[in-house]
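Student: The structure file coords_28.txt (compact mmCIF, C-alpha atoms) is provided below.
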# COMPACT_ATOMS: atom_id res chain seq x y z
CA LEU A 1 -7.31 20.32 -4.70
CA CYS A 2 -8.61 16.95 -5.78
CA SER A 3 -12.29 16.36 -5.97
CA SER A 4 -13.49 13.13 -4.45
CA GLU A 5 -16.64 11.14 -4.44
CA VAL A 6 -17.97 8.30 -2.34
CA ARG A 7 -19.41 5.47 -4.37
CA ILE A 8 -22.13 3.45 -2.68
CA ALA A 9 -22.90 0.21 -4.52
CA HIS A 10 -23.42 -3.50 -4.09
CA SER A 11 -20.82 -4.49 -6.66
CA LEU A 12 -17.27 -3.68 -7.71
CA HIS A 13 -16.57 -0.60 -9.78
CA THR A 14 -16.08 -1.33 -13.49
CA ASN A 15 -12.37 -0.42 -13.27
CA GLU A 16 -11.94 -2.86 -10.38
CA GLU A 17 -13.73 -5.62 -12.30
CA GLU A 18 -11.41 -5.00 -15.28
CA PHE A 19 -8.37 -5.06 -13.01
CA VAL A 20 -9.44 -8.31 -11.36
CA ALA A 21 -9.90 -9.96 -14.77
CA ARG A 22 -6.38 -8.88 -15.88
CA ARG A 23 -4.81 -9.74 -12.54
CA ARG A 24 -6.50 -13.17 -12.44
CA GLU A 25 -4.78 -13.95 -15.76
CA THR A 26 -1.40 -13.00 -14.23
CA VAL A 27 -2.14 -15.13 -11.15
CA PHE A 28 -3.26 -18.06 -13.32
CA GLN A 29 -0.04 -17.94 -15.37
CA SER A 30 2.03 -17.75 -12.19
CA LEU A 31 0.26 -20.75 -10.68
CA GLN A 32 0.82 -22.72 -13.88
CA LYS A 33 4.58 -21.91 -13.78
CA LEU A 34 4.64 -23.28 -10.23
CA LYS A 35 2.91 -26.45 -11.49
CA ILE A 36 -0.21 -25.68 -9.49
CA HIS A 37 -2.87 -26.81 -11.90
CA CYS A 38 -6.37 -25.44 -11.68
CA SER A 39 -8.92 -24.19 -14.12
CA LYS A 40 -9.47 -20.45 -14.47
CA SER A 41 -12.97 -20.83 -13.06
CA GLU A 42 -11.71 -22.67 -9.94
CA MET A 43 -8.59 -20.61 -9.35
CA PRO A 44 -8.23 -19.52 -5.70
CA ASN A 45 -8.44 -15.85 -4.75
CA ILE A 46 -5.18 -15.39 -2.85
CA ALA A 47 -4.75 -12.32 -0.67
CA LEU A 48 -1.89 -11.08 1.48
CA LEU A 49 -3.00 -9.22 4.59
CA GLY A 50 -0.67 -6.93 6.51
CA SER A 51 -1.04 -6.26 10.21
CA GLY A 52 -0.97 -3.14 12.28
CA GLY A 53 1.90 -2.27 14.58
CA GLY A 54 3.60 0.82 13.27
CA GLN A 55 7.10 0.64 11.88
CA ARG A 56 7.40 -3.09 12.68
CA ALA A 57 4.30 -3.85 10.59
CA MET A 58 5.64 -1.69 7.77
CA VAL A 59 8.98 -3.50 7.72
CA GLY A 60 7.28 -6.87 8.25
CA LEU A 61 5.05 -6.47 5.20
CA LEU A 62 7.96 -5.24 3.10
CA GLY A 63 10.03 -8.26 4.15
CA SER A 64 7.16 -10.62 3.34
CA LEU A 65 6.73 -9.11 -0.12
CA VAL A 66 10.45 -9.34 -0.85
CA GLN A 67 10.57 -13.01 0.22
CA LEU A 68 7.43 -13.83 -1.79
CA ASP A 69 9.07 -12.22 -4.81
CA LYS A 70 12.30 -14.18 -4.32
CA ALA A 71 10.29 -17.41 -4.04
CA GLY A 72 8.38 -16.61 -7.24
CA LEU A 73 5.09 -16.33 -5.35
CA LEU A 74 4.37 -12.59 -5.50
CA ASP A 75 2.44 -12.87 -8.76
CA CYS A 76 0.16 -15.50 -7.17
CA ILE A 77 -1.44 -12.78 -5.04
CA LEU A 78 -4.67 -11.24 -6.28
CA TYR A 79 -5.17 -8.71 -3.48
CA LEU A 80 -2.98 -6.90 -0.97
CA SER A 81 -4.62 -5.40 2.09
CA GLY A 82 -3.49 -4.05 5.42
CA VAL A 83 -4.17 -1.88 8.43
CA SER A 84 -2.20 0.79 10.22
CA GLY A 85 1.57 0.26 9.91
CA SER A 86 1.37 -2.13 6.97
CA THR A 87 -0.50 0.55 5.02
CA TRP A 88 2.56 2.79 5.44
CA CYS A 89 4.43 0.20 3.39
CA MET A 90 1.56 -0.02 0.90
CA ALA A 91 1.44 3.78 0.49
CA SER A 92 5.14 3.73 -0.34
CA LEU A 93 4.65 0.88 -2.81
CA TYR A 94 1.82 2.63 -4.60
CA GLN A 95 3.97 5.68 -5.29
CA GLU A 96 5.35 3.44 -8.06
CA PRO A 97 2.49 2.25 -10.35
CA ASP A 98 4.26 -0.97 -11.37
CA TRP A 99 5.94 -1.54 -8.00
CA SER A 100 5.75 -5.33 -8.12
CA THR A 101 8.19 -5.34 -11.04
CA LYS A 102 10.49 -2.87 -9.23
CA LEU A 103 10.29 -4.23 -5.71
CA GLU A 104 14.04 -4.02 -5.00
CA THR A 105 14.09 -0.33 -5.97
CA VAL A 106 11.02 0.45 -3.86
CA LYS A 107 12.48 -1.55 -0.95
CA ASP A 108 15.71 0.47 -1.14
CA GLN A 109 13.73 3.75 -1.13
CA ILE A 110 11.77 2.69 1.96
CA ILE A 111 14.93 1.59 3.77
CA LYS A 112 16.66 4.87 2.88
CA ARG A 113 13.72 6.85 4.26
CA LEU A 114 13.62 4.78 7.46
CA SER A 115 17.38 5.20 7.90
CA GLY A 116 17.16 8.97 7.48
CA PRO A 117 16.98 11.56 10.20
CA GLY A 118 14.26 11.15 12.80
CA VAL A 119 11.61 13.66 13.67
CA ARG A 120 13.13 16.83 15.08
CA TRP A 121 11.39 17.79 18.31
CA GLY A 122 11.13 21.44 17.31
CA ASP A 123 9.38 20.57 14.03
CA ALA A 124 7.08 18.11 15.77
CA PHE A 125 6.15 20.64 18.44
CA ALA A 126 5.43 23.32 15.82
CA LYS A 127 3.14 20.90 13.96
CA LEU A 128 1.32 19.98 17.18
CA LYS A 129 0.87 23.63 18.04
CA LYS A 130 -0.60 24.27 14.58
CA TYR A 131 -3.00 21.31 14.98
CA TYR A 132 -4.03 22.52 18.44
CA TYR A 133 -5.01 26.00 17.24
CA GLU A 134 -6.58 24.97 13.90
CA LYS A 135 -8.66 21.92 14.86
CA ASP A 136 -11.97 21.80 16.69
CA ILE A 137 -11.01 18.56 18.40
CA PHE A 138 -7.43 17.88 19.48
CA SER A 139 -6.55 14.46 20.88
CA LEU A 140 -3.78 12.04 21.68
CA THR A 141 -4.19 10.72 18.13
CA ASP A 142 -2.87 14.05 16.85
CA VAL A 143 0.19 13.73 19.07
CA TRP A 144 0.78 10.16 17.86
CA ALA A 145 0.37 11.18 14.21
CA VAL A 146 2.92 13.95 14.47
CA MET A 147 5.47 11.90 16.39
CA ALA A 148 5.17 8.57 14.60
CA VAL A 149 3.91 9.23 11.11
CA THR A 150 5.82 12.36 10.13
CA GLU A 151 8.87 10.54 8.78
CA TYR A 152 7.37 7.23 7.73
CA ALA A 153 4.18 7.84 5.77
CA VAL A 154 4.44 9.28 2.31
CA LEU A 155 0.96 10.44 1.50
CA GLY A 156 0.12 10.65 -2.18
CA LYS A 157 -3.07 11.50 -3.97
CA VAL A 158 -5.85 8.95 -4.15
CA THR A 159 -4.92 8.35 -7.80
CA PHE A 160 -2.41 5.61 -6.85
CA LYS A 161 -5.05 2.90 -7.22
CA SER A 162 -5.97 3.86 -10.76
CA ASN A 163 -2.26 3.85 -11.69
CA ALA A 164 -1.90 0.39 -10.16
CA LEU A 165 -4.96 -0.78 -12.10
CA GLN A 166 -3.40 0.41 -15.34
CA TYR A 167 -0.25 -1.67 -14.81
CA CYS A 168 -2.12 -4.69 -13.40
CA VAL A 169 -0.20 -4.77 -10.15
CA ILE A 170 -1.62 -5.84 -6.81
CA PRO A 171 -3.96 -3.04 -5.55
Starting from the coordinates I provided, produce the structure as structure tokens.

Tutor:
Amino acid sequence: LCSSEVRIAHSLHTNEEEFVARRRETVFQSLQKLKIHCSKSEMPNIALLGSGGGQRAMVGLLGSLVQLDKAGLLDCILYLSGVSGSTWCMASLYQEPDWSTKLETVKDQIIKRLSGPGVRWGDAFAKLKKYYYEKDIFSLTDVWAVMAVTEYAVLGKVTFKSNALQYCVIP
């Protein structure tokens, strides 16, 4: 089991500050290549935000990232954030620490997983039954999670962010 800790603070963690400094340099160089001239101190903080909406949001964010990469704009992004379905895409991306340099490979892996077999009703029912007997509170959210998330979300350990920080890719 992994140990975890909640950090309560009014500033970024040191590792995040170091990442932002390295990533800002990458963004600055990318903006210069695109002939967008600004000083390092006045460089915009550009973020890409993914929406919720299940599988459509997952595919939508993936498509946006691929097109940004093709247009030479992916390295202009300082932060990547999302909710719900778009985080399914992000979780898949972060399985690969330097995903932004291997976007085509990661895209192909996501497409292969989405094209694979769907959730088998027997497996889904067995999981729901297990949840029902093991949890204090059982709700419609549990049913949704089993039916919708089983095949799409690849849950890794919380260490993905530190790996992304190491390679200076979008967290």

Student: Rounded to one decimal, what separation in Å do you get between CA of Ser92 in chain A and CA of Asp108 in chain A?

Tutor: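 Value for the CA of Ser92 in chain A-CA of Asp108 in chain A distance: 11.1 Å.
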
Student: Write out as a list in words which residues come within 10 Å of Val59 in chain A when counting only C-alpha atoms, dropping same-chain ones fewer than 4 positions away.

Tutor: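 Skipping anything fewer than 4 positions along the chain leaves Gly53, Gly54, Gln55, Gly63, Ser64, Leu65, Gly85, Ser86, Trp88, Cys89, Lys107, Ile110, Ile111 and Leu114 of chain A.
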
Student: Nearest to Thr87 in chain A: which of A:Phe19, A:Gly60, A:Val27, A:Lys135 is it, counting only C-alpha atoms?

Tutor: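 Comparing A:Phe19, A:Gly60, A:Val27, A:Lys135 against Thr87 in chain A, the winner is A:Gly60.
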
Student: When distances are computed from only C-alpha atoms, which of A:Ala91, A:Val20, A:Leu62, A:Cys38 shows the smallest separation from Ile77 in chain A?

Tutor: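 Checking each candidate against Ile77 in chain A, we get A:Val20 as the closest.
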
Student: Between CA of Arg24 in chain A and CA of Leu12 in chain A, what is the distance in Å, rounded to a tenth?

Tutor: 15.1 Å

Student: Would you compute the distance between CA of Glu42 in chain A and CA of Tyr79 in chain A? Give it in Å to one decimal.

Tutor: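 Value for the CA of Glu42 in chain A-CA of Tyr79 in chain A distance: 16.7 Å.
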
Student: So which residues touch Cys76 in chain A within 7 Å, counting only C-alpha atoms, skipping near sequence neighbours fewer than 3 positions away, as a list of chain:residue names?

Tutor: A:Val27, A:Ser30, A:Leu31, A:Ile46, A:Leu73

Student: Rank nothing, just name the residue among A:Ala21, A:Ala47, A:Leu103, A:Ile8 nearest to Gln67 in chain A, using only C-alpha atoms.

Tutor: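 The answer is A:Leu103, which sits nearest to Gln67 in chain A.
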
Student: Given the choices A:Leu140, A:Asp75, A:Val66, A:Ser81, which gets closest to Thr105 in chain A if the distance is worked out from only C-alpha atoms?

Tutor: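 The answer is A:Val66, which sits nearest to Thr105 in chain A.
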